[in-house]
Amino acid sequence: MVKLSSLRRDPALERSGVWVSYPFGGRFKVGRSNAPEFEAACRKLLEPHVARVRTGAMSHSERAQVLLPAFVRFCLFDWEIDGDDGKPTPFSREEAEKQLRAPELSDLLEWLFAQSDNAALFRAQAQNEALGN
């Protein structure tokens, strides 16, 4: 039987972020996408597109691009990736937004959004297990 405590999310982890490994390389520190500030920023960014959102005419990739400024501000905190030159690419919000705008990285961006939505990542027990504790 599962303990109720193992199902509780950890608000501190949601705010500070957790490290996730992209299946094709690189690690990213993401926060939970349920922060009120993120949700408010998303509503503002989606306002001009509300008709397309309501009718389902906006693809996941398009929506991710529209929400990218809010995502890098409130949900993406760091990364461990190398540039094409093999050297580590320092993280900054500006660099993250610039790189994640590339159509060739749309799969990565959608994956990052999915990780940020994944409530299971932000449970204290899940993080303790991931860290080997």
# chains A, B, ... in the order shown; residues from 1 in each chain; ligands from 1
>>> residues_around(residues="Glu94 (chain A)", least_positions_apart="6", cutoff="12 Å", atoms="only C-alpha atoms", output="list in words")
Leu68, Pro69, Ala70, Phe71, Val72, Arg73, Leu76, Phe77, Asp78, Leu100 and Arg101 of chain A
>>> write_last_selection(atoms="N, CA and C atoms", output="PDB file, in the first residue's frame")
ATOM      1  N   LEU A  68       7.341  30.651 -24.716  1.00  0.00           N
ATOM      2  CA  LEU A  68       8.774  30.524 -24.416  1.00  0.00           C
ATOM      3  C   LEU A  68       9.309  31.619 -23.491  1.00  0.00           C
ATOM      4  N   PRO A  69       8.988  32.911 -23.709  1.00  0.00           N
ATOM      5  CA  PRO A  69       9.530  33.928 -22.791  1.00  0.00           C
ATOM      6  C   PRO A  69       9.137  33.690 -21.329  1.00  0.00           C
ATOM      7  N   ALA A  70       7.902  33.278 -21.093  1.00  0.00           N
ATOM      8  CA  ALA A  70       7.464  33.000 -19.723  1.00  0.00           C
ATOM      9  C   ALA A  70       8.138  31.740 -19.193  1.00  0.00           C
ATOM     10  N   PHE A  71       8.299  30.735 -20.052  1.00  0.00           N
ATOM     11  CA  PHE A  71       8.911  29.484 -19.617  1.00  0.00           C
ATOM     12  C   PHE A  71      10.349  29.702 -19.161  1.00  0.00           C
ATOM     13  N   VAL A  72      11.138  30.436 -19.942  1.00  0.00           N
ATOM     14  CA  VAL A  72      12.541  30.632 -19.539  1.00  0.00           C
ATOM     15  C   VAL A  72      12.649  31.556 -18.328  1.00  0.00           C
ATOM     16  N   ARG A  73      11.645  32.375 -18.105  1.00  0.00           N
ATOM     17  CA  ARG A  73      11.684  33.266 -16.938  1.00  0.00           C
ATOM     18  C   ARG A  73      11.294  32.541 -15.653  1.00  0.00           C
ATOM     19  N   LEU A  76      12.595  27.511 -16.384  1.00  0.00           N
ATOM     20  CA  LEU A  76      13.892  26.955 -16.775  1.00  0.00           C
ATOM     21  C   LEU A  76      14.986  27.717 -16.035  1.00  0.00           C
ATOM     22  N   PHE A  77      15.688  27.023 -15.149  1.00  0.00           N
ATOM     23  CA  PHE A  77      16.621  27.689 -14.251  1.00  0.00           C
ATOM     24  C   PHE A  77      18.098  27.493 -14.588  1.00  0.00           C
ATOM     25  N   ASP A  78      18.404  26.428 -15.295  1.00  0.00           N
ATOM     26  CA  ASP A  78      19.811  26.148 -15.580  1.00  0.00           C
ATOM     27  C   ASP A  78      19.865  25.016 -16.600  1.00  0.00           C
ATOM     28  N   LEU A 100      16.298  28.039 -27.866  1.00  0.00           N
ATOM     29  CA  LEU A 100      15.062  27.250 -27.922  1.00  0.00           C
ATOM     30  C   LEU A 100      14.068  27.774 -28.955  1.00  0.00           C
ATOM     31  N   ARG A 101      14.337  28.922 -29.546  1.00  0.00           N
ATOM     32  CA  ARG A 101      13.515  29.438 -30.655  1.00  0.00           C
ATOM     33  C   ARG A 101      13.797  28.678 -31.950  1.00  0.00           C
TER      34      ARG A 101
END
>>> closest_atom_pairs(of="region 5-41 of chain A", to="region 114-121 of chain A", cutoff="10 Å", atoms="only C-alpha atoms", output="tab-separated table")
residue	atom	partner	partner_atom	distance
A:Ser6	CA	A:Ala120	CA	9.9
A:Leu7	CA	A:Ala120	CA	8.3
A:Arg8	CA	A:Ala120	CA	9.2
A:Arg9	CA	A:Ala119	CA	7.2
A:Asp10	CA	A:Leu121	CA	9.5
A:Leu13	CA	A:Leu121	CA	8.8
A:Glu14	CA	A:Ala119	CA	8.7
A:Gly17	CA	A:Ser116	CA	8.8
A:Val18	CA	A:Leu121	CA	7.3
A:Trp19	CA	A:Leu121	CA	9.2
A:Val20	CA	A:Gln115	CA	7.7
A:Ser21	CA	A:Gln115	CA	9.9
A:Tyr22	CA	A:Gln115	CA	9.8
A:Phe28	CA	A:Gln115	CA	9.7
A:Lys29	CA	A:Ser116	CA	9.4
A:Val30	CA	A:Ser116	CA	5.9
A:Gly31	CA	A:Ser116	CA	5.8
A:Arg32	CA	A:Ser116	CA	4.7
A:Ser33	CA	A:Ser116	CA	5.3
A:Asn34	CA	A:Asp117	CA	7.6
>>> write_last_selection(atoms="C-alpha atoms", output="mmCIF file, in the first residue's frame")
data_model
loop_
_atom_site.group_PDB
_atom_site.id
_atom_site.type_symbol
_atom_site.label_atom_id
_atom_site.label_comp_id
_atom_site.auth_asym_id
_atom_site.auth_seq_id
_atom_site.Cartn_x
_atom_site.Cartn_y
_atom_site.Cartn_z
ATOM 1 C CA SER A 6 4.732 9.723 -0.896
ATOM 2 C CA LEU A 7 1.988 11.331 -2.974
ATOM 3 C CA ARG A 8 2.488 14.847 -1.629
ATOM 4 C CA ARG A 9 4.196 17.342 -3.876
ATOM 5 C CA ASP A 10 6.986 19.494 -2.506
ATOM 6 C CA LEU A 13 11.017 21.680 -5.278
ATOM 7 C CA GLU A 14 8.381 23.173 -7.557
ATOM 8 C CA GLY A 17 13.466 23.184 -9.712
ATOM 9 C CA VAL A 18 14.720 19.667 -10.298
ATOM 10 C CA TRP A 19 17.356 18.359 -12.692
ATOM 11 C CA VAL A 20 16.083 16.254 -15.590
ATOM 12 C CA SER A 21 18.154 14.478 -18.224
ATOM 13 C CA TYR A 22 17.137 14.803 -21.855
ATOM 14 C CA PHE A 28 18.087 20.864 -17.472
ATOM 15 C CA LYS A 29 16.873 22.326 -14.195
ATOM 16 C CA VAL A 30 13.124 22.923 -14.492
ATOM 17 C CA GLY A 31 10.552 24.269 -12.086
ATOM 18 C CA ARG A 32 6.903 23.285 -12.002
ATOM 19 C CA SER A 33 4.622 25.039 -14.442
ATOM 20 C CA ASN A 34 1.934 25.651 -11.817
#
>>> select_by_dssp(residues="chain A", states="helix (DSSP H, G or I)", output="ChimeraX atom specification")
/A:4-7,11-16,36-55,60-74,93-100,103-117,119-122,124-130
>>> atom_distance(atom1="CA of Leu109 (chain A)", atom2="CA of Ala64 (chain A)")
7.1 Å
>>> decode(residues="region 9-21 of chain A", atoms="all heavy atoms", output="PDB file, in the first residue's frame")
ATOM      1  N   ARG A   9       3.206  16.581  -3.121  1.00  0.00           N
ATOM      2  CA  ARG A   9       4.196  17.342  -3.876  1.00  0.00           C
ATOM      3  C   ARG A   9       4.964  18.236  -2.909  1.00  0.00           C
ATOM      4  O   ARG A   9       4.505  18.525  -1.817  1.00  0.00           O
ATOM      5  CB  ARG A   9       3.534  18.167  -4.966  1.00  0.00           C
ATOM      6  CG  ARG A   9       2.561  19.187  -4.443  1.00  0.00           C
ATOM      7  CD  ARG A   9       1.860  19.910  -5.565  1.00  0.00           C
ATOM      8  NE  ARG A   9       0.860  20.824  -5.059  1.00  0.00           N
ATOM      9  CZ  ARG A   9       1.114  22.015  -4.548  1.00  0.00           C
ATOM     10  NH1 ARG A   9       2.347  22.456  -4.471  1.00  0.00           N
ATOM     11  NH2 ARG A   9       0.148  22.783  -4.105  1.00  0.00           N
ATOM     12  N   ASP A  10       6.127  18.654  -3.329  1.00  0.00           N
ATOM     13  CA  ASP A  10       6.986  19.494  -2.506  1.00  0.00           C
ATOM     14  C   ASP A  10       7.029  20.891  -3.122  1.00  0.00           C
ATOM     15  O   ASP A  10       7.697  21.103  -4.140  1.00  0.00           O
ATOM     16  CB  ASP A  10       8.384  18.886  -2.454  1.00  0.00           C
ATOM     17  CG  ASP A  10       9.319  19.626  -1.523  1.00  0.00           C
ATOM     18  OD1 ASP A  10       9.102  20.831  -1.282  1.00  0.00           O
ATOM     19  OD2 ASP A  10      10.290  19.019  -1.055  1.00  0.00           O
ATOM     20  N   PRO A  11       6.315  21.860  -2.542  1.00  0.00           N
ATOM     21  CA  PRO A  11       6.292  23.211  -3.109  1.00  0.00           C
ATOM     22  C   PRO A  11       7.682  23.837  -3.246  1.00  0.00           C
ATOM     23  O   PRO A  11       7.924  24.601  -4.176  1.00  0.00           O
ATOM     24  CB  PRO A  11       5.426  24.007  -2.128  1.00  0.00           C
ATOM     25  CG  PRO A  11       4.576  22.979  -1.444  1.00  0.00           C
ATOM     26  CD  PRO A  11       5.445  21.741  -1.371  1.00  0.00           C
ATOM     27  N   ALA A  12       8.594  23.486  -2.354  1.00  0.00           N
ATOM     28  CA  ALA A  12       9.956  24.023  -2.456  1.00  0.00           C
ATOM     29  C   ALA A  12      10.638  23.510  -3.726  1.00  0.00           C
ATOM     30  O   ALA A  12      11.327  24.269  -4.418  1.00  0.00           O
ATOM     31  CB  ALA A  12      10.768  23.658  -1.219  1.00  0.00           C
ATOM     32  N   LEU A  13      10.447  22.232  -4.047  1.00  0.00           N
ATOM     33  CA  LEU A  13      11.017  21.680  -5.278  1.00  0.00           C
ATOM     34  C   LEU A  13      10.371  22.307  -6.507  1.00  0.00           C
ATOM     35  O   LEU A  13      11.031  22.543  -7.517  1.00  0.00           O
ATOM     36  CB  LEU A  13      10.828  20.164  -5.334  1.00  0.00           C
ATOM     37  CG  LEU A  13      11.747  19.316  -4.489  1.00  0.00           C
ATOM     38  CD1 LEU A  13      11.356  17.844  -4.594  1.00  0.00           C
ATOM     39  CD2 LEU A  13      13.199  19.510  -4.909  1.00  0.00           C
ATOM     40  N   GLU A  14       9.073  22.557  -6.427  1.00  0.00           N
ATOM     41  CA  GLU A  14       8.381  23.173  -7.557  1.00  0.00           C
ATOM     42  C   GLU A  14       8.963  24.543  -7.874  1.00  0.00           C
ATOM     43  O   GLU A  14       9.073  24.923  -9.029  1.00  0.00           O
ATOM     44  CB  GLU A  14       6.882  23.303  -7.263  1.00  0.00           C
ATOM     45  CG  GLU A  14       6.178  21.973  -7.198  1.00  0.00           C
ATOM     46  CD  GLU A  14       4.712  22.086  -6.861  1.00  0.00           C
ATOM     47  OE1 GLU A  14       4.280  23.121  -6.301  1.00  0.00           O
ATOM     48  OE2 GLU A  14       3.986  21.134  -7.160  1.00  0.00           O
ATOM     49  N   ARG A  15       9.353  25.275  -6.835  1.00  0.00           N
ATOM     50  CA  ARG A  15       9.902  26.628  -7.001  1.00  0.00           C
ATOM     51  C   ARG A  15      11.387  26.622  -7.358  1.00  0.00           C
ATOM     52  O   ARG A  15      11.832  27.399  -8.189  1.00  0.00           O
ATOM     53  CB  ARG A  15       9.711  27.437  -5.715  1.00  0.00           C
ATOM     54  CG  ARG A  15       8.301  27.800  -5.432  1.00  0.00           C
ATOM     55  CD  ARG A  15       7.833  28.777  -6.410  1.00  0.00           C
ATOM     56  NE  ARG A  15       6.944  29.746  -5.806  1.00  0.00           N
ATOM     57  CZ  ARG A  15       6.364  30.667  -6.506  1.00  0.00           C
ATOM     58  NH1 ARG A  15       6.608  30.773  -7.780  1.00  0.00           N
ATOM     59  NH2 ARG A  15       5.548  31.513  -5.945  1.00  0.00           N
ATOM     60  N   SER A  16      12.157  25.753  -6.704  1.00  0.00           N
ATOM     61  CA  SER A  16      13.607  25.763  -6.920  1.00  0.00           C
ATOM     62  C   SER A  16      14.023  24.956  -8.146  1.00  0.00           C
ATOM     63  O   SER A  16      15.082  25.184  -8.714  1.00  0.00           O
ATOM     64  CB  SER A  16      14.340  25.242  -5.686  1.00  0.00           C
ATOM     65  OG  SER A  16      14.013  23.886  -5.453  1.00  0.00           O
ATOM     66  N   GLY A  17      13.190  23.987  -8.530  1.00  0.00           N
ATOM     67  CA  GLY A  17      13.466  23.184  -9.712  1.00  0.00           C
ATOM     68  C   GLY A  17      14.148  21.872  -9.404  1.00  0.00           C
ATOM     69  O   GLY A  17      14.709  21.666  -8.323  1.00  0.00           O
ATOM     70  N   VAL A  18      14.071  20.977 -10.381  1.00  0.00           N
ATOM     71  CA  VAL A  18      14.720  19.667 -10.298  1.00  0.00           C
ATOM     72  C   VAL A  18      15.504  19.450 -11.593  1.00  0.00           C
ATOM     73  O   VAL A  18      15.154  19.994 -12.643  1.00  0.00           O
ATOM     74  CB  VAL A  18      13.698  18.529 -10.102  1.00  0.00           C
ATOM     75  CG1 VAL A  18      12.957  18.677  -8.778  1.00  0.00           C
ATOM     76  CG2 VAL A  18      12.713  18.448 -11.246  1.00  0.00           C
ATOM     77  N   TRP A  19      16.562  18.676 -11.511  1.00  0.00           N
ATOM     78  CA  TRP A  19      17.356  18.359 -12.692  1.00  0.00           C
ATOM     79  C   TRP A  19      16.740  17.180 -13.430  1.00  0.00           C
ATOM     80  O   TRP A  19      16.392  16.178 -12.801  1.00  0.00           O
ATOM     81  CB  TRP A  19      18.798  18.026 -12.306  1.00  0.00           C
ATOM     82  CG  TRP A  19      19.591  19.245 -11.966  1.00  0.00           C
ATOM     83  CD1 TRP A  19      19.836  19.733 -10.706  1.00  0.00           C
ATOM     84  CD2 TRP A  19      20.237  20.130 -12.877  1.00  0.00           C
ATOM     85  NE1 TRP A  19      20.598  20.879 -10.794  1.00  0.00           N
ATOM     86  CE2 TRP A  19      20.862  21.136 -12.120  1.00  0.00           C
ATOM     87  CE3 TRP A  19      20.345  20.168 -14.267  1.00  0.00           C
ATOM     88  CZ2 TRP A  19      21.585  22.176 -12.702  1.00  0.00           C
ATOM     89  CZ3 TRP A  19      21.066  21.199 -14.852  1.00  0.00           C
ATOM     90  CH2 TRP A  19      21.676  22.184 -14.078  1.00  0.00           C
ATOM     91  N   VAL A  20      16.592  17.332 -14.737  1.00  0.00           N
ATOM     92  CA  VAL A  20      16.083  16.254 -15.590  1.00  0.00           C
ATOM     93  C   VAL A  20      17.070  16.051 -16.738  1.00  0.00           C
ATOM     94  O   VAL A  20      17.691  17.000 -17.213  1.00  0.00           O
ATOM     95  CB  VAL A  20      14.664  16.557 -16.119  1.00  0.00           C
ATOM     96  CG1 VAL A  20      13.655  16.553 -14.979  1.00  0.00           C
ATOM     97  CG2 VAL A  20      14.608  17.878 -16.874  1.00  0.00           C
ATOM     98  N   SER A  21      17.217  14.810 -17.148  1.00  0.00           N
ATOM     99  CA  SER A  21      18.154  14.478 -18.224  1.00  0.00           C
ATOM    100  C   SER A  21      17.388  14.235 -19.516  1.00  0.00           C
ATOM    101  O   SER A  21      16.489  13.378 -19.564  1.00  0.00           O
ATOM    102  CB  SER A  21      18.954  13.217 -17.864  1.00  0.00           C
ATOM    103  OG  SER A  21      19.747  13.464 -16.733  1.00  0.00           O
TER     104      SER A  21
END
